[in-house]
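Worksheet for the structure shown next.
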Number of protein chains: 2
Amino acid sequence: MSTAHNLLLEHIGRHLSFSAAEEKRLLSLLQERSLKPKQFLHHEGEVQKSQVFVTSGCLRSYAIDHNGFEHILQFAPAGWWIADMQSLLDQAPGKLIIDAIQASTFLQISRSDLDRLYDELPGLERHFRLLLERSVVTYQNRLLDNLSLSARERYENFCKAYPSLIRELPQKQVAAYIGVTPEFLSRMLNQPATAKG
Amino acid sequence: MSTAHNLLLEHIGRHLSFSAAEEKRLLSLLQERSLKPKQFLHHEGEVQKSQVFVTSGCLRSYAIDHNGFEHILQFAPAGWWIADMQSLLDQAPGKLIIDAIQASTFLQISRSDLDRLYDELPGLERHFRLLLERSVVTYQNRLLDNLSLSARERYENFCKAYPSLIRELPQKQVAAYIGVTPEFLSRMLNQPATAKG
DNA sequence: GCCCGGACTTAACCTAGATCATTTCCCAAG
DNA sequence: CTTGGGAAATGATCTAGGTTAAGTCCGGGC
């Protein structure tokens with residue numbers, strides 16, 4: 001069993017435990033793949049056929065608005081799932097782009113196989129239900145942050161939430177995540193915060 | 001069986017079918033309640049103990065930021081679930097407020113009962129997994145809209161998404177949902193859109 | 001070693017939307 | 001009917017963050 005498989009089983013194991021047979025069945029439907037930096041997993045307008053569990057490196061999903069600006073929805077370092085979920089659910093062309101920001105490896109499972117597995121392994125459905133609950137909360141919090149915090153506060157939140165990513169990411173990608181222009185983020189970081197107290 | 005119960009079973013029935021015994025078991029754990037306009041279901045700082053399926057009227061969840069502004073996360077008309085999900089999952093004090101914007105009735109189920117039901121009725125877990133998937137997509141889209149659209153575009157989106165609500169809601173609540181001040185929304189609506197074409 | 005392109009910086013200027021203050025409107029309570 | 005309080009309108013002014021346009025600073029390919 002590969003280390004990629006181990007990482008996935010370990011993650012699932014945080015919620016529940018599978019029998020050896022169940023683990024084997026799950027792994028049999030997963031495909032190991034990799035991407036080099038800047039290679040794409042999913043293009044705008046494509047139909048997403050499978051979802052992906054990152055085992056090393058880091059992927060990201062983002063959309064391009066009508067002014068050509070990127071807005072990053074998610075970073076997916078090792079241990080995270082990523083997909084254009086809207087496209088995956090509707091089996092319709094998506095508006096997200098997914099690419100690798102570092103050399104990355106991942107496990108892939110098709111939607112139809114996963115649907116089959118949900119019937120065979122109810123524990124897996126439990127696992128995803130729990131992940132989805134957390135995911136909803138995360139997006140709710142991010143939405144509230146965007147509605148109520150200043151750019152600087154959102155930047156500070158990002159640093160707290162992703163202390164490892166902040167070191168590896170180019171500044172412009174942080175800008176595209178927190179929702180400001182790269183120029184503004186640069187200016188902000190090179191100006192002292194307004195003195196307080 | 002009440003009409004409230006019927007509404008819930010009909011909604012669940014869109015995804016799957018329960019036996020009569022399963023339906024009975026589910027309904028046995030639901031409590032019928034109601035709220036008058038402006039009454040609260042959940043206050044900031046409280047621990048959310050149960051989640052709620054609205055059967056008539058409309059609830060909303062919102063947070064108050066450090067400037068005292070309300071930001072509405074969700075409207076829940078009949079047929080929608082609502083809760084302070086973060087508080088519910090962590091069983092920790094929440095930051096959301098939930099109240100009724102109209103006279104409303106709803107069915108309530110405690111987190112512990114629902115957890116029990118997930119074990120007894122795997123179909124229910126399926127149902128919520130599917131709802132959560134849609135919910136994630138909805139929040140993703142709303143986040144992208146907030147990052148890339150103008151206030152007017154977000155207003156138009158809102159009108160399309162909630163054509164019935166737009167007629168019933170005071171303008172200031174629409175403002176608190178799309179993320180602008182009531183003053184600005186008012187001015188925007190009374191000024192012609194910049195002519196195009 | 002040179003050149004290119006992408007990441008970052010900086011500065012001047014611009015604008016969507018916020019803030020503040022005043023007024024009007026409406027309707028529900030007395 | 002009148003009153004008072006919230007919802008909306010409206011005008012003047014302000015500002016966080018966007019836009020445009022140079023420039024600098026790399027690192028990587030040839």
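Residue names in the structure tokens use chain letters A, B, ... in the order shown, residue numbers from 1 in each chain, and ligand numbers from 1 in the order shown.
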
> If you run DSSP on this backbone, which residues of stretch 15-185 of chain A come out as alpha helix (DSSP H), and could you give them as a PyMOL selection string?
Replying inline: chain A and resi 20-28+85-90+111-120+122-148+151-161+163-168+171-178+182-185

>> Using only C-alpha atoms (C1' of nucleotides) and a distance of at most 9 Å, pull out the residues of chain D that contact chain A, as a ChimeraX atom specification.
In response: /D:16-18

Save out the residues we just selected, N, CA and C atoms (P, O5', C5', C4', C3', O3' and C1' of nucleotides), as a CSV table (one decimal), in the first residue's frame.
```csv
chain,number,residue,atom,x,y,z
D,16,DA,P,-9.5,54.5,5.4
D,16,DA,O5',-9.8,53.0,5.0
D,16,DA,C5',-11.1,52.5,5.0
D,16,DA,C4',-11.3,51.6,3.8
D,16,DA,C3',-10.2,50.6,3.5
D,16,DA,O3',-10.8,49.4,3.1
D,16,DA,C1',-10.5,52.0,1.6
D,17,DG,P,-10.0,48.1,3.0
D,17,DG,O5',-9.7,48.0,1.4
D,17,DG,C5',-10.9,48.0,0.5
D,17,DG,C4',-10.4,48.4,-0.8
D,17,DG,C3',-9.3,47.7,-1.5
D,17,DG,O3',-9.8,47.0,-2.6
D,17,DG,C1',-9.2,50.0,-1.9
D,18,DG,P,-9.1,46.4,-3.8
D,18,DG,O5',-9.3,47.5,-4.9
D,18,DG,C5',-10.6,47.7,-5.4
D,18,DG,C4',-10.6,48.6,-6.6
D,18,DG,C3',-9.8,48.0,-7.8
D,18,DG,O3',-10.6,48.3,-9.0
D,18,DG,C1',-8.9,50.0,-7.2
```

> Just how far from atom C1' of C:DT10 is atom CA of B:Leu149, in Å to one decimal?
Replying inline: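 Result for atom CA of B:Leu149 versus atom C1' of C:DT10: 27.8 Å, one decimal.
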
Within 12 Å of A:Arg154, counting only C-alpha atoms (C1' of nucleotides), which residues show up once you throw out same-chain ones fewer than 3 positions away? Write them as a JSON list (two decimals) with N, CA and C atoms, in the first residue's frame, please.
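Contents of around_24.json, freshly written:
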```
[["chain", "number", "residue", "atom", "x", "y", "z"],
["A", 141, "ASN", "N", -17.86, 31.31, 7.51],
["A", 141, "ASN", "CA", -16.95, 32.22, 8.21],
["A", 141, "ASN", "C", -16.20, 33.11, 7.24],
["A", 142, "ARG", "N", -15.80, 32.53, 6.12],
["A", 142, "ARG", "CA", -15.06, 33.34, 5.17],
["A", 142, "ARG", "C", -15.95, 34.42, 4.57],
["A", 143, "LEU", "N", -17.20, 34.06, 4.32],
["A", 143, "LEU", "CA", -18.16, 35.03, 3.80],
["A", 143, "LEU", "C", -18.36, 36.16, 4.80],
["A", 144, "LEU", "N", -18.57, 35.82, 6.05],
["A", 144, "LEU", "CA", -18.75, 36.86, 7.07],
["A", 144, "LEU", "C", -17.50, 37.73, 7.19],
["A", 145, "ASP", "N", -16.34, 37.12, 7.09],
["A", 145, "ASP", "CA", -15.10, 37.90, 7.14],
["A", 145, "ASP", "C", -15.04, 38.89, 5.99],
["A", 146, "ASN", "N", -15.42, 38.43, 4.81],
["A", 146, "ASN", "CA", -15.39, 39.33, 3.66],
["A", 146, "ASN", "C", -16.41, 40.45, 3.79],
["A", 147, "LEU", "N", -17.50, 40.18, 4.48],
["A", 147, "LEU", "CA", -18.52, 41.22, 4.63],
["A", 147, "LEU", "C", -18.17, 42.21, 5.73],
["A", 148, "SER", "N", -17.34, 41.79, 6.69],
["A", 148, "SER", "CA", -17.21, 42.66, 7.86],
["A", 148, "SER", "C", -15.79, 43.08, 8.22],
["A", 149, "LEU", "N", -14.79, 42.47, 7.64],
["A", 149, "LEU", "CA", -13.42, 42.81, 8.04],
["A", 149, "LEU", "C", -12.72, 43.64, 6.96],
["A", 150, "SER", "N", -11.72, 44.40, 7.41],
["A", 150, "SER", "CA", -10.89, 45.17, 6.48],
["A", 150, "SER", "C", -9.90, 44.22, 5.81],
["A", 151, "ALA", "N", -9.27, 44.70, 4.76],
["A", 151, "ALA", "CA", -8.27, 43.91, 4.05],
["A", 151, "ALA", "C", -7.17, 43.44, 5.00],
["A", 157, "ASN", "N", -6.05, 37.11, 9.39],
["A", 157, "ASN", "CA", -6.78, 35.84, 9.50],
["A", 157, "ASN", "C", -6.15, 34.77, 8.63],
["A", 158, "PHE", "N", -5.79, 35.15, 7.42],
["A", 158, "PHE", "CA", -5.20, 34.18, 6.51],
["A", 158, "PHE", "C", -3.88, 33.65, 7.09],
["A", 159, "CYS", "N", -3.08, 34.55, 7.62],
["A", 159, "CYS", "CA", -1.80, 34.12, 8.20],
["A", 159, "CYS", "C", -2.01, 33.12, 9.34],
["A", 160, "LYS", "N", -3.03, 33.39, 10.16],
["A", 160, "LYS", "CA", -3.32, 32.47, 11.25],
["A", 160, "LYS", "C", -3.84, 31.14, 10.73],
["A", 161, "ALA", "N", -4.71, 31.20, 9.71],
["A", 161, "ALA", "CA", -5.35, 29.99, 9.23],
["A", 161, "ALA", "C", -4.38, 29.10, 8.44],
["A", 174, "VAL", "N", -2.02, 35.20, -2.39],
["A", 174, "VAL", "CA", -2.67, 35.56, -1.14],
["A", 174, "VAL", "C", -3.69, 36.67, -1.42],
["A", 175, "ALA", "N", -3.30, 37.65, -2.23],
["A", 175, "ALA", "CA", -4.21, 38.74, -2.60],
["A", 175, "ALA", "C", -5.48, 38.19, -3.26],
["A", 176, "ALA", "N", -5.28, 37.21, -4.17],
["A", 176, "ALA", "CA", -6.43, 36.65, -4.89],
["A", 176, "ALA", "C", -7.33, 35.83, -3.97],
["A", 177, "TYR", "N", -6.79, 35.43, -2.84],
["A", 177, "TYR", "CA", -7.61, 34.68, -1.88],
["A", 177, "TYR", "C", -8.38, 35.61, -0.95],
["A", 178, "ILE", "N", -7.68, 36.61, -0.42],
["A", 178, "ILE", "CA", -8.36, 37.48, 0.54],
["A", 178, "ILE", "C", -9.21, 38.54, -0.14],
["A", 179, "GLY", "N", -9.05, 38.70, -1.45],
["A", 179, "GLY", "CA", -9.93, 39.60, -2.18],
["A", 179, "GLY", "C", -9.46, 41.04, -2.25],
["A", 180, "VAL", "N", -8.18, 41.24, -2.54],
["A", 180, "VAL", "CA", -7.67, 42.58, -2.84],
["A", 180, "VAL", "C", -6.75, 42.47, -4.05],
["A", 185, "LEU", "N", -2.21, 44.91, -1.69],
["A", 185, "LEU", "CA", -1.60, 44.08, -0.64],
["A", 185, "LEU", "C", -0.16, 44.48, -0.42],
["A", 188, "MET", "N", -0.02, 47.66, 1.48],
["A", 188, "MET", "CA", -0.46, 47.44, 2.85],
["A", 188, "MET", "C", 0.66, 46.84, 3.70]]
```

>> Which residues are close to stretch 4-9 of chain D, i.e. within 12 Å by only C-alpha atoms (C1' of nucleotides), leaving aside same-chain residues fewer than 4 positions away? Reply as a ChimeraX atom specification.
In response: /B:169-173,182-191 /C:22-30

Same residues, N, CA, C and O atoms (P, O5', C5', C4', C3', O3' and C1' of nucleotides), saved as a short mmCIF file (atom, residue, chain, number, x, y, z; two decimals), in the first residue's frame:
```cif
data_model
loop_
_atom_site.label_atom_id
_atom_site.label_comp_id
_atom_site.auth_asym_id
_atom_site.auth_seq_id
_atom_site.Cartn_x
_atom_site.Cartn_y
_atom_site.Cartn_z
N LEU B 169 -39.38 41.37 2.06
CA LEU B 169 -38.35 41.83 2.97
C LEU B 169 -38.21 43.35 2.97
O LEU B 169 -38.30 43.97 1.92
N PRO B 170 -37.98 43.94 4.14
CA PRO B 170 -37.59 45.34 4.16
C PRO B 170 -36.24 45.49 3.46
O PRO B 170 -35.39 44.60 3.53
N GLN B 171 -36.09 46.61 2.79
CA GLN B 171 -34.88 46.85 2.00
C GLN B 171 -33.59 46.68 2.81
O GLN B 171 -32.59 46.19 2.30
N LYS B 172 -33.64 47.09 4.06
CA LYS B 172 -32.41 47.04 4.86
C LYS B 172 -31.93 45.61 5.08
O LYS B 172 -30.75 45.38 5.27
N GLN B 173 -32.85 44.65 5.02
CA GLN B 173 -32.42 43.27 5.18
C GLN B 173 -31.79 42.74 3.90
O GLN B 173 -30.88 41.93 3.94
N PRO B 182 -27.75 50.18 4.03
CA PRO B 182 -29.10 50.50 3.58
C PRO B 182 -29.14 51.80 2.79
O PRO B 182 -29.85 51.89 1.79
N GLU B 183 -28.38 52.78 3.22
CA GLU B 183 -28.35 54.06 2.50
C GLU B 183 -27.90 53.87 1.06
O GLU B 183 -28.49 54.43 0.14
N PHE B 184 -26.86 53.08 0.91
CA PHE B 184 -26.35 52.91 -0.45
C PHE B 184 -27.35 52.15 -1.32
O PHE B 184 -27.55 52.51 -2.49
N LEU B 185 -27.97 51.12 -0.76
CA LEU B 185 -28.95 50.36 -1.56
C LEU B 185 -30.09 51.28 -1.99
O LEU B 185 -30.52 51.26 -3.14
N SER B 186 -30.56 52.08 -1.07
CA SER B 186 -31.65 53.00 -1.39
C SER B 186 -31.27 53.92 -2.54
O SER B 186 -32.01 54.07 -3.52
N ARG B 187 -30.10 54.54 -2.42
CA ARG B 187 -29.65 55.44 -3.48
C ARG B 187 -29.55 54.70 -4.82
O ARG B 187 -29.98 55.19 -5.86
N MET B 188 -29.00 53.48 -4.75
CA MET B 188 -28.79 52.70 -5.97
C MET B 188 -30.12 52.43 -6.67
O MET B 188 -30.24 52.56 -7.89
N LEU B 189 -31.13 52.06 -5.88
CA LEU B 189 -32.42 51.68 -6.47
C LEU B 189 -33.15 52.89 -7.03
O LEU B 189 -34.01 52.76 -7.90
N ASN B 190 -32.84 54.08 -6.53
CA ASN B 190 -33.53 55.26 -7.00
C ASN B 190 -32.76 56.01 -8.06
O ASN B 190 -33.16 57.08 -8.50
N GLN B 191 -31.62 55.44 -8.41
CA GLN B 191 -30.88 56.01 -9.53
C GLN B 191 -30.94 55.02 -10.67
O GLN B 191 -30.78 53.84 -10.45
P DT C 22 -27.98 67.54 11.52
"O5'" DT C 22 -29.22 67.52 10.52
"C5'" DT C 22 -29.02 68.02 9.18
"C4'" DT C 22 -30.17 67.58 8.32
"C3'" DT C 22 -31.55 67.78 8.97
"O3'" DT C 22 -32.28 68.69 8.17
"C1'" DT C 22 -31.38 65.66 7.90
P DT C 23 -33.80 69.13 8.61
"O5'" DT C 23 -34.66 68.17 7.67
"C5'" DT C 23 -34.42 68.16 6.26
"C4'" DT C 23 -35.27 67.07 5.64
"C3'" DT C 23 -36.75 67.12 6.05
"O3'" DT C 23 -37.54 67.27 4.89
"C1'" DT C 23 -35.89 64.92 6.17
P DT C 24 -39.12 67.53 5.01
"O5'" DT C 24 -39.70 66.13 4.52
"C5'" DT C 24 -39.23 65.55 3.30
"C4'" DT C 24 -39.67 64.10 3.28
"C3'" DT C 24 -41.18 63.93 3.53
"O3'" DT C 24 -41.71 63.21 2.44
"C1'" DT C 24 -39.90 62.42 4.83
P DC C 25 -43.30 63.07 2.28
"O5'" DC C 25 -43.52 61.55 2.69
"C5'" DC C 25 -42.62 60.56 2.15
"C4'" DC C 25 -42.84 59.27 2.91
"C3'" DC C 25 -44.31 58.97 3.19
"O3'" DC C 25 -44.62 57.72 2.62
"C1'" DC C 25 -42.98 58.68 5.14
P DC C 26 -46.14 57.34 2.33
"O5'" DC C 26 -46.41 56.28 3.47
"C5'" DC C 26 -45.47 55.23 3.65
"C4'" DC C 26 -45.61 54.65 5.03
"C3'" DC C 26 -47.07 54.42 5.44
"O3'" DC C 26 -47.19 53.06 5.80
"C1'" DC C 26 -45.85 55.46 7.17
P DC C 27 -48.51 52.27 5.41
"O5'" DC C 27 -48.69 51.37 6.71
"C5'" DC C 27 -47.53 50.90 7.39
"C4'" DC C 27 -47.68 51.09 8.88
"C3'" DC C 27 -49.14 50.91 9.38
"O3'" DC C 27 -49.12 50.15 10.57
"C1'" DC C 27 -48.23 52.85 10.24
P DA C 28 -49.48 48.60 10.53
"O5'" DA C 28 -49.22 48.19 12.05
"C5'" DA C 28 -47.92 48.44 12.60
"C4'" DA C 28 -48.04 49.11 13.95
"C3'" DA C 28 -49.24 48.63 14.78
"O3'" DA C 28 -48.76 48.39 16.11
"C1'" DA C 28 -49.23 51.00 14.64
P DA C 29 -49.77 47.86 17.22
"O5'" DA C 29 -49.58 48.96 18.36
"C5'" DA C 29 -48.25 49.41 18.71
"C4'" DA C 29 -48.38 50.48 19.78
"C3'" DA C 29 -49.43 50.16 20.84
"O3'" DA C 29 -48.98 50.63 22.10
"C1'" DA C 29 -50.06 52.12 19.64
P DG C 30 -49.88 50.38 23.40
"O5'" DG C 30 -50.59 51.78 23.63
"C5'" DG C 30 -49.81 52.91 24.03
"C4'" DG C 30 -50.66 54.16 23.87
"C3'" DG C 30 -51.92 54.15 24.74
"O3'" DG C 30 -51.82 55.14 25.77
"C1'" DG C 30 -52.36 54.91 22.52
#
```

> Near stretch 96-104 of chain A, within 7 Å and counting only C-alpha atoms (C1' of nucleotides), which residues show up once chain neighbours fewer than 6 positions away are dropped, as a PyMOL selection string?
Replying inline: chain A and resi 34-44+56-63+84

> Out of stretch 42-196 of chain A, which residues get strand (DSSP E or B) from DSSP, as number ranges by chain?
Replying inline: A: 42, 47, 50-56, 58-64, 70-77, 81-82, 93, 97-100, 104-110

Go ahead and save the residues from that selection, with N, CA and C atoms, as a tab-separated table (two decimals), in the first residue's frame.
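Here's the written file out.tsv:
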```tsv
chain	number	residue	atom	x	y	z
A	42	HIS	N	-8.24	20.86	-14.09
A	42	HIS	CA	-9.59	21.13	-14.56
A	42	HIS	C	-9.64	22.53	-15.15
A	47	VAL	N	-16.49	19.61	-17.80
A	47	VAL	CA	-17.31	18.91	-16.81
A	47	VAL	C	-16.38	18.12	-15.89
A	50	SER	N	-14.40	13.74	-11.63
A	50	SER	CA	-13.94	13.04	-10.43
A	50	SER	C	-13.47	14.02	-9.39
A	51	GLN	N	-13.34	13.53	-8.18
A	51	GLN	CA	-12.78	14.40	-7.17
A	51	GLN	C	-11.48	13.83	-6.67
A	52	VAL	N	-10.71	14.67	-5.98
A	52	VAL	CA	-9.30	14.45	-5.82
A	52	VAL	C	-8.89	14.65	-4.37
A	53	PHE	N	-8.08	13.72	-3.86
A	53	PHE	CA	-7.53	13.83	-2.51
A	53	PHE	C	-6.03	14.07	-2.63
A	54	VAL	N	-5.57	15.24	-2.24
A	54	VAL	CA	-4.17	15.61	-2.44
A	54	VAL	C	-3.30	14.87	-1.43
A	55	THR	N	-2.19	14.29	-1.91
A	55	THR	CA	-1.32	13.53	-1.02
A	55	THR	C	0.05	14.17	-0.85
A	56	SER	N	0.41	15.09	-1.77
A	56	SER	CA	1.62	15.89	-1.55
A	56	SER	C	1.53	17.10	-2.45
A	58	CYS	N	0.43	20.92	-3.51
A	58	CYS	CA	-0.73	21.76	-3.23
A	58	CYS	C	-1.44	22.15	-4.53
A	59	LEU	N	-2.74	21.93	-4.56
A	59	LEU	CA	-3.57	22.42	-5.68
A	59	LEU	C	-4.37	23.64	-5.22
A	60	ARG	N	-5.00	24.29	-6.18
A	60	ARG	CA	-5.90	25.40	-5.85
A	60	ARG	C	-7.05	25.42	-6.83
A	61	SER	N	-8.18	25.92	-6.40
A	61	SER	CA	-9.30	26.16	-7.32
A	61	SER	C	-9.60	27.64	-7.33
A	62	TYR	N	-9.92	28.16	-8.50
A	62	TYR	CA	-10.20	29.59	-8.61
A	62	TYR	C	-11.08	29.87	-9.81
A	63	ALA	N	-11.68	31.05	-9.80
A	63	ALA	CA	-12.51	31.49	-10.92
A	63	ALA	C	-11.92	32.78	-11.46
A	64	ILE	N	-12.17	33.05	-12.72
A	64	ILE	CA	-11.73	34.30	-13.34
A	64	ILE	C	-12.96	35.15	-13.62
A	70	GLU	N	-8.31	36.79	-11.05
A	70	GLU	CA	-8.47	35.48	-10.40
A	70	GLU	C	-8.99	35.67	-8.97
A	71	HIS	N	-9.92	34.79	-8.59
A	71	HIS	CA	-10.38	34.74	-7.20
A	71	HIS	C	-10.25	33.32	-6.72
A	72	ILE	N	-9.38	33.11	-5.74
A	72	ILE	CA	-9.09	31.75	-5.29
A	72	ILE	C	-10.11	31.31	-4.27
A	73	LEU	N	-10.73	30.16	-4.54
A	73	LEU	CA	-11.76	29.62	-3.66
A	73	LEU	C	-11.12	28.75	-2.59
A	74	GLN	N	-10.15	27.96	-2.99
A	74	GLN	CA	-9.59	26.98	-2.06
A	74	GLN	C	-8.14	26.65	-2.39
A	75	PHE	N	-7.34	26.51	-1.35
A	75	PHE	CA	-6.04	25.86	-1.48
A	75	PHE	C	-6.19	24.45	-0.94
A	76	ALA	N	-5.60	23.48	-1.61
A	76	ALA	CA	-5.69	22.10	-1.14
A	76	ALA	C	-4.30	21.50	-0.99
A	77	PRO	N	-3.70	21.65	0.19
A	77	PRO	CA	-2.43	20.97	0.48
A	77	PRO	C	-2.72	19.49	0.79
A	81	TRP	N	-9.42	17.37	0.12
A	81	TRP	CA	-10.13	17.07	-1.12
A	81	TRP	C	-10.34	18.35	-1.91
A	82	ILE	N	-10.35	18.21	-3.23
A	82	ILE	CA	-10.66	19.38	-4.06
A	82	ILE	C	-11.37	18.92	-5.33
A	93	PRO	N	-20.82	21.99	-17.42
A	93	PRO	CA	-19.57	22.75	-17.50
A	93	PRO	C	-19.39	23.64	-16.29
A	97	ILE	N	-11.32	26.79	-12.21
A	97	ILE	CA	-10.08	26.25	-12.76
A	97	ILE	C	-9.33	25.64	-11.58
A	98	ILE	N	-8.75	24.47	-11.80
A	98	ILE	CA	-7.96	23.84	-10.74
A	98	ILE	C	-6.59	23.55	-11.30
A	99	ASP	N	-5.55	24.02	-10.60
A	99	ASP	CA	-4.20	23.71	-11.06
A	99	ASP	C	-3.28	23.46	-9.88
A	100	ALA	N	-2.07	23.02	-10.19
A	100	ALA	CA	-1.09	22.72	-9.15
A	100	ALA	C	-0.22	23.95	-8.92
A	104	SER	N	2.78	18.06	-7.32
A	104	SER	CA	1.78	17.47	-6.42
A	104	SER	C	1.43	16.05	-6.84
A	105	THR	N	1.04	15.25	-5.86
A	105	THR	CA	0.49	13.93	-6.15
A	105	THR	C	-0.88	13.85	-5.49
A	106	PHE	N	-1.75	13.02	-6.06
A	106	PHE	CA	-3.10	12.93	-5.50
A	106	PHE	C	-3.76	11.62	-5.91
A	107	LEU	N	-4.83	11.31	-5.20
A	107	LEU	CA	-5.66	10.16	-5.52
A	107	LEU	C	-6.96	10.67	-6.12
A	108	GLN	N	-7.43	9.97	-7.15
A	108	GLN	CA	-8.59	10.45	-7.88
A	108	GLN	C	-9.67	9.38	-7.83
A	109	ILE	N	-10.91	9.80	-7.64
A	109	ILE	CA	-12.01	8.84	-7.72
A	109	ILE	C	-13.13	9.46	-8.53
A	110	SER	N	-13.70	8.68	-9.44
A	110	SER	CA	-14.76	9.22	-10.29
A	110	SER	C	-16.03	9.35	-9.48
```

>> One decimal, in Å: what's the spacing between atom CA of B:Val137 and atom CA of A:Gln86?
In response: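 Those two atoms sit 5.8 Å apart.
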
> Quick one: residues within 9 Å of stretch 22-26 of chain D, only C-alpha atoms (C1' of nucleotides) counted, chain neighbours fewer than 3 positions away excluded, as a PyMOL selection string?
Replying inline: chain C and resi 7-11

> How far is it from atom CA of A:Val136 to atom CA of B:Asp113, in Å with one decimal?
Replying inline: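 One can read the atom CA of A:Val136 to atom CA of B:Asp113 distance as 21.2 Å.
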